[in-house]
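Shown next: input.txt, given as compact mmCIF, C-alpha atoms.
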# COMPACT_ATOMS: atom_id res chain seq x y z
CA ALA A 1 103.18 120.68 70.83
CA LEU A 2 105.57 121.41 73.71
CA GLU A 3 108.49 121.74 71.30
CA ALA A 4 106.46 124.39 69.47
CA ASP A 5 105.64 126.17 72.77
CA MET A 6 101.97 125.26 72.49
CA LEU A 7 99.38 124.23 75.07
CA SER A 8 97.69 120.95 74.18
CA LEU A 9 94.84 118.61 75.05
CA VAL A 10 94.74 115.15 73.47
CA PHE A 11 91.82 112.75 73.92
CA THR A 12 91.25 109.26 72.52
CA ASN A 13 88.60 106.62 72.93
CA SER A 14 89.32 102.89 72.89
CA SER A 15 87.78 99.43 72.97
CA PRO A 16 85.44 98.55 75.88
CA ALA A 17 87.33 98.37 79.17
CA LEU A 18 85.18 99.91 81.90
CA PRO A 19 81.47 100.15 82.67
CA PRO A 20 79.36 103.27 83.01
CA PHE A 21 79.02 104.10 86.70
CA GLY A 22 76.88 101.43 88.33
CA GLY A 23 77.26 99.00 85.40
CA ALA A 24 78.78 95.52 85.47
CA LYS A 25 79.77 95.20 81.80
CA ALA A 26 82.60 96.96 79.95
CA LEU A 27 81.27 99.57 77.53
CA LEU A 28 83.48 102.67 77.61
CA GLY A 29 87.17 102.65 76.77
CA ALA A 30 90.06 103.20 79.17
CA SER A 31 90.24 106.36 77.05
CA PRO A 32 93.68 107.84 77.77
CA PHE A 33 94.05 111.59 77.66
CA ALA A 34 97.02 113.91 77.73
CA ALA A 35 97.78 117.57 78.36
CA GLY A 36 100.89 119.68 77.93
CA ALA A 37 102.02 123.17 78.93
CA PRO A 38 105.47 124.63 78.20
CA ALA A 39 107.78 126.26 80.73
CA ASN A 40 111.20 127.94 80.74
CA GLN A 41 113.59 126.40 83.25
CA ALA A 42 111.00 124.36 85.13
CA HIS A 43 109.74 120.97 84.03
CA PRO A 44 106.72 121.44 81.74
CA LEU A 45 103.35 119.87 82.31
CA VAL A 46 103.35 116.46 80.58
CA LEU A 47 100.22 114.64 81.67
CA ASP A 48 99.38 111.24 80.17
CA MET A 49 96.83 109.04 81.93
CA SER A 50 93.85 106.78 81.42
CA THR A 51 90.46 106.89 83.14
CA THR A 52 90.96 103.51 84.81
CA VAL A 53 92.34 102.86 88.30
CA ILE A 54 95.30 101.13 86.63
CA ALA A 55 96.42 101.02 83.00
CA ARG A 56 95.22 97.90 81.18
CA GLY A 57 98.75 97.15 79.99
CA LYS A 58 99.84 96.90 83.63
CA LEU A 59 97.18 94.24 84.21
CA ARG A 60 98.77 92.08 81.51
CA LEU A 61 102.25 92.78 82.87
CA MET A 62 101.32 91.82 86.43
CA ALA A 63 99.63 88.65 85.20
CA GLN A 64 102.78 87.72 83.24
CA ARG A 65 104.80 88.20 86.40
CA GLY A 66 102.38 86.06 88.39
CA GLU A 67 101.44 89.00 90.61
CA GLU A 68 97.97 89.71 91.96
CA ILE A 69 96.42 93.05 91.10
CA PRO A 70 95.20 95.29 93.95
CA GLU A 71 91.66 95.01 95.20
CA GLY A 72 89.13 97.36 93.64
CA VAL A 73 90.89 97.46 90.29
CA GLY A 74 88.82 95.13 88.12
CA LEU A 75 85.99 92.66 87.64
CA ASP A 76 85.93 89.37 85.70
CA LYS A 77 83.61 88.70 82.74
CA GLU A 78 80.79 87.87 85.16
CA GLY A 79 81.10 91.21 86.94
CA ARG A 80 82.73 89.74 90.05
CA PRO A 81 85.70 91.39 91.80
CA THR A 82 89.00 89.73 90.86
CA ARG A 83 92.68 90.04 91.66
CA ASP A 84 93.70 88.13 88.52
CA GLY A 85 95.18 90.56 86.00
CA MET A 86 94.11 88.66 82.87
CA GLU A 87 90.58 88.13 84.19
CA ALA A 88 90.30 91.88 84.71
CA PHE A 89 91.92 92.59 81.34
CA HIS A 90 89.32 90.48 79.55
CA GLY A 91 86.57 91.55 81.93
CA VAL A 92 86.17 95.02 83.40
CA THR A 93 88.77 97.57 84.49
CA LEU A 94 87.18 99.94 86.99
CA PRO A 95 87.35 103.73 86.57
CA PHE A 96 89.27 105.84 89.05
CA GLY A 97 87.13 107.98 91.31
CA GLY A 98 83.96 105.98 90.65
CA ALA A 99 81.39 108.18 88.89
CA LYS A 100 84.01 110.87 88.17
CA GLY A 101 86.30 108.54 86.22
CA ALA A 102 83.38 106.95 84.37
CA SER A 103 82.12 110.42 83.43
CA LEU A 104 85.55 111.39 82.09
CA ALA A 105 85.60 108.22 79.99
CA LEU A 106 82.23 109.27 78.57
CA VAL A 107 83.64 112.71 77.72
CA MET A 108 86.53 111.02 75.89
CA ASP A 109 84.07 108.89 73.91
CA ILE A 110 81.98 111.94 72.94
CA PHE A 111 84.90 114.13 71.84
CA SER A 112 87.06 111.37 70.30
CA GLY A 113 84.47 109.01 68.85
CA LEU A 114 81.06 110.57 68.41
CA PHE A 115 82.31 114.06 67.43
CA THR A 116 84.99 112.85 64.98
CA GLY A 117 82.87 110.27 63.17
CA ALA A 118 84.80 107.31 64.60
CA ALA A 119 83.26 104.39 66.49
CA PHE A 120 81.69 105.09 69.89
CA GLY A 121 79.45 103.48 72.50
CA GLY A 122 81.48 100.27 72.88
CA ARG A 123 82.03 99.73 69.15
CA VAL A 124 85.78 100.43 68.95
CA ARG A 125 87.45 97.12 68.08
CA SER A 126 90.10 95.56 70.33
CA LEU A 127 93.71 96.43 69.62
CA TYR A 128 94.84 93.03 70.94
CA ASN A 129 92.49 90.31 69.74
CA ASP A 130 90.31 91.62 66.89
CA ALA A 131 92.14 92.08 63.59
CA GLN A 132 89.15 91.31 61.35
CA ALA A 133 88.55 95.00 60.52
CA ALA A 134 89.80 98.49 61.29
CA GLN A 135 89.74 99.41 64.97
CA ASP A 136 87.89 102.66 64.12
CA VAL A 137 89.36 104.47 67.12
CA GLY A 138 89.02 108.26 67.28
CA HIS A 139 91.25 111.09 68.47
CA PHE A 140 90.64 114.71 69.44
CA ILE A 141 93.67 117.02 69.45
CA LEU A 142 93.56 120.66 70.48
CA CYS A 143 96.61 122.97 70.39
CA MET A 144 96.49 126.53 71.67
CA ARG A 145 98.87 129.49 71.62
CA PRO A 146 99.89 130.44 75.16
CA ASN A 147 99.60 134.14 74.26
CA LEU A 148 95.87 134.13 73.52
CA PHE A 149 95.20 136.05 76.75
CA LEU A 150 98.74 137.13 77.68
CA PRO A 151 101.17 139.60 76.08
CA SER A 152 103.53 136.86 74.87
CA THR A 153 104.41 133.17 75.02
CA GLN A 154 107.40 134.13 77.15
CA THR A 155 105.04 135.67 79.70
CA PHE A 156 103.13 132.38 79.92
CA LYS A 157 106.33 130.36 80.36
CA ASP A 158 107.53 132.74 83.07
CA ARG A 159 104.22 132.31 84.88
CA MET A 160 104.48 128.55 84.41
CA ASP A 161 107.93 128.56 86.05
CA GLU A 162 106.44 130.51 88.96
CA LEU A 163 103.61 127.98 89.35
CA VAL A 164 106.02 125.02 89.34
CA SER A 165 108.19 126.80 91.92
CA ILE A 166 105.15 127.34 94.16
CA LEU A 167 104.19 123.67 93.86
CA LYS A 168 107.65 122.43 94.68
CA ARG A 169 107.95 124.64 97.76
CA GLN A 170 104.91 123.04 99.37
CA PRO A 171 105.53 120.79 102.41
CA CYS A 172 105.79 117.11 101.53
CA ALA A 173 103.40 114.53 102.91
CA GLU A 174 104.75 111.59 104.89
CA GLY A 175 106.59 109.18 102.62
CA PHE A 176 107.47 111.79 99.98
CA ASP A 177 110.85 113.47 99.46
CA GLU A 178 109.76 116.04 96.90
CA ILE A 179 106.83 117.20 94.80
CA LEU A 180 107.12 116.34 91.12
CA MET A 181 105.36 117.73 88.08
CA PRO A 182 103.26 115.29 86.02
CA GLY A 183 105.72 113.65 83.63
CA GLU A 184 108.83 114.59 85.63
CA ARG A 185 109.39 111.11 87.06
CA GLU A 186 109.11 109.64 83.56
CA SER A 187 111.62 112.18 82.20
CA ARG A 188 114.14 111.16 84.83
CA GLU A 189 113.53 107.49 84.09
CA GLU A 190 114.01 108.11 80.37
CA GLU A 191 117.42 109.64 80.98
CA ARG A 192 118.40 106.74 83.22
CA ARG A 193 117.26 104.17 80.64
CA LYS A 194 119.36 105.87 77.96
CA VAL A 195 122.41 104.98 80.06
CA ASP A 196 121.42 101.71 81.72
CA GLY A 197 119.14 100.23 79.04
CA VAL A 198 115.55 98.97 79.28
CA PRO A 199 114.92 95.85 81.43
CA LEU A 200 112.88 93.09 79.80
CA GLN A 201 111.10 90.14 81.42
CA GLU A 202 112.33 86.67 80.56
CA ASP A 203 109.09 85.75 78.76
CA VAL A 204 109.30 88.93 76.67
CA VAL A 205 112.91 88.17 75.74
CA ALA A 206 111.95 84.59 74.79
CA SER A 207 109.14 85.87 72.58
CA LEU A 208 111.39 88.42 70.86
CA GLU A 209 114.12 85.82 70.31
CA GLU A 210 111.55 83.50 68.72
CA GLU A 211 110.41 86.25 66.36
CA ALA A 212 114.04 87.12 65.56
CA GLN A 213 114.72 83.52 64.55
CA LYS A 214 111.68 83.48 62.27
CA THR A 215 112.92 86.56 60.42
CA GLY A 216 116.60 85.65 60.39
CA LEU A 217 117.62 88.46 62.71
CA THR A 218 120.09 88.34 65.57
CA PHE A 219 118.66 89.32 68.94
CA PRO A 220 120.84 91.99 70.64
CA GLU A 221 123.05 90.95 73.52
CA PRO A 222 122.00 92.42 76.90
CA LEU A 223 124.01 95.25 78.44
CA ASP A 224 126.48 94.31 81.15
Now that the file is in, can you turn its structure into structure tokens?
Amino acid sequence: ALEADMLSLVFTNSSPALPPFGGAKALLGASPFAAGAPANQAHPLVLDMSTTVIARGKLRLMAQRGEEIPEGVGLDKEGRPTRDGMEAFHGVTLPFGGAKGASLALVMDIFSGLFTGAAFGGRVRSLYNDAQAAQDVGHFILCMRPNLFLPSTQTFKDRMDELVSILKRQPCAEGFDEILMPGERESREEERRKVDGVPLQEDVVASLEEEAQKTGLTFPEPLD
């Protein structure tokens, strides 16, 4: 959408990961959502986030590394607070902002699942451990012309540059060197990874090497 100079909202629902506010059992999905807005010279808006305190994939990653997850991130299958990433992954991942995050997850389920005819209300199948049938996940994608209320798309992009400039001129809080647009840190990291490569954990490398052997492929040598 950004490449076509369009504004966009993208919602999806997902398998049960977090409870409705006040609940102890996973029902709603982590339900990631995204938004984009083009700009001229400034970095565009590239928002991509879930409704959980921490992405579920990061729970698995921290568990693989043997790291504890922060407090207040998840519950185990019995609804008890846990700092074990895999217990939270298979139990409950808490929404950010309490009732606000849980309400956003509900909005994602309504627009992406109920509205589209896909599964909803905790009935989306797991992407990781349920391959018996289709996942039946739903998506809602809305693209809009930036010139619906303005004279031209260029006018919108000029105004977007102005907004980004205003944001970046704001005083930084303690511990921050600059103010970044959503998605700007990831853009910088992408460029760095193109040069330096993507680091992989030892257990991930071992798993990929095992799969390569099964299929008769040669696993790439790491970069120096």
Check your understanding: Between A:Gly101, A:Pro199, A:Gly85, A:Pro151, which is the closest to Pro32 of chain A once you count all atoms listed in the file?
Key -> A:Gly101
**Study point:** d(atom CA of Val92 of chain A, atom CA of Ala17 of chain A) in Å
**Key:**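 A separation of 5.5 Å between them.
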I'd like the neighbourhood of Pro70 of chain A as a compact mmCIF listing (two decimals) with C-alpha atoms, in the frame of the given file, where a residue qualifies if any of its atoms comes within 12 Å (using only C-alpha atoms), though same-chain residues fewer than 5 positions away should be ignored.
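Heads up, here's the output in around10.txt:
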# COMPACT_ATOMS: atom_id res chain seq x y z
CA VAL A 53 92.34 102.86 88.30
CA ILE A 54 95.30 101.13 86.63
CA LYS A 58 99.84 96.90 83.63
CA LEU A 59 97.18 94.24 84.21
CA MET A 62 101.32 91.82 86.43
CA ALA A 63 99.63 88.65 85.20
CA LEU A 75 85.99 92.66 87.64
CA PRO A 81 85.70 91.39 91.80
CA THR A 82 89.00 89.73 90.86
CA ARG A 83 92.68 90.04 91.66
CA ASP A 84 93.70 88.13 88.52
CA GLY A 85 95.18 90.56 86.00
CA ALA A 88 90.30 91.88 84.71
CA THR A 93 88.77 97.57 84.49
CA LEU A 94 87.18 99.94 86.99
Using only C-alpha atoms, determine which residues lie at most 7 Å from Gly36 of chain A, disregarding the query and same-chain residues fewer than 6 positions distant; provide the list as a PDB file with C-alpha atoms, keeping the file's coordinate frame.
ATOM      1  CA  LEU A   2     105.570 121.410  73.710  1.00  0.00           C
ATOM      2  CA  LEU A   7      99.380 124.230  75.070  1.00  0.00           C
ATOM      3  CA  SER A   8      97.690 120.950  74.180  1.00  0.00           C
ATOM      4  CA  LEU A   9      94.840 118.610  75.050  1.00  0.00           C
ATOM      5  CA  LEU A  45     103.350 119.870  82.310  1.00  0.00           C
ATOM      6  CA  VAL A  46     103.350 116.460  80.580  1.00  0.00           C
ATOM      7  CA  LEU A  47     100.220 114.640  81.670  1.00  0.00           C
TER       8      LEU A  47
END
Check your understanding: Mind pulling up the distance from atom CA of Glu186 of chain A to atom CA of Glu87 of chain A?
Key -> 28.4 Å
Revision key, fill the gap. If you count only C-alpha atoms, the residue of A:His90, A:Arg65, A:Arg123, A:Arg185 closest to Leu28 of chain A turns out to be A:Arg123
Check your understanding: Near Gly138 of chain A, within 10 Å and counting only C-alpha atoms, which residues show up once chain neighbours fewer than 4 positions away are dropped, as a list of chain:residue names?
Key ->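 Within the cut-off, the hits are A:Phe11, A:Thr12, A:Asn13, A:Ser14, A:Met108, A:Asp109, A:Ile110, A:Phe111, A:Ser112, A:Gly113, A:Leu114, A:Phe115, A:Thr116, A:Gly117, A:Ala118, A:Ala119, A:Phe120, A:Val124.
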Practice item. In Å, rounded to a single decimal, give me how far atom CA of Gly66 of chain A is from atom CA of Ser15 of chain A. Key: 25.1 Å
Within 12 Å of segment 142-145 of chain A: each segment 14-40 of chain A residue with its shortest pair, all atoms listed in the file, as a Markdown table:
| residue | atom | partner | partner_atom | distance |
| --- | --- | --- | --- | --- |
| A:Phe33 | CA | A:Leu142 | CA | 11.6 |
| A:Ala34 | CA | A:Leu142 | CA | 10.5 |
| A:Ala35 | CA | A:Leu142 | CA | 9.5 |
| A:Gly36 | CA | A:Cys143 | CA | 9.3 |
| A:Ala37 | CA | A:Met144 | CA | 9.7 |
| A:Pro38 | CA | A:Arg145 | CA | 10.5 |
Emit the selected residues as a PDB file, in the frame of the given file, including C-alpha atoms.
ATOM      1  CA  PHE A  33      94.050 111.590  77.660  1.00  0.00           C
ATOM      2  CA  ALA A  34      97.020 113.910  77.730  1.00  0.00           C
ATOM      3  CA  ALA A  35      97.780 117.570  78.360  1.00  0.00           C
ATOM      4  CA  GLY A  36     100.890 119.680  77.930  1.00  0.00           C
ATOM      5  CA  ALA A  37     102.020 123.170  78.930  1.00  0.00           C
ATOM      6  CA  PRO A  38     105.470 124.630  78.200  1.00  0.00           C
TER       7      PRO A  38
END
**Study point:** Long-range neighbours of Ala102 of chain A as a ChimeraX atom specification, 9 Å cut-off, only C-alpha atoms, 5 positions minimum in chain
**Key:** /A:18-21,28,51-52,94-97,107
Practice item. Determine, counting only C-alpha atoms, which protein, DNA and RNA residues have an atom within 8 Å of an atom of Gly91 of chain A; residues of the same chain fewer than 4 positions away are not included. Present the result as number ranges by chain. Key: A: 17, 25-26, 74-79, 87
Might I get the box with edges along x, y and z of the file that holds all atoms of segment 58-76 of chain A listed there, padded by 5 Å on every side, given as centre and edge lengths in Å to one decimal, as lines of an AutoDock Vina configuration file?
center_x = 95.4
center_y = 91.8
center_z = 88.4
size_x = 28.9
size_y = 21.4
size_z = 23.7
Check your understanding: Counting all atoms listed in the file, which of A:Gly23, A:Arg192, A:Pro44, A:Val73 gets nearest to Ala99 of chain A?
Key ->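 Looking at the shortest contact to Ala99 of chain A, the residue is A:Gly23.
Of the listed residues (A:Met181, A:Met49, A:Ala24, A:Val137), A:Met181 comes nearest to Leu163 of chain A; the distances count all atoms listed in the file.
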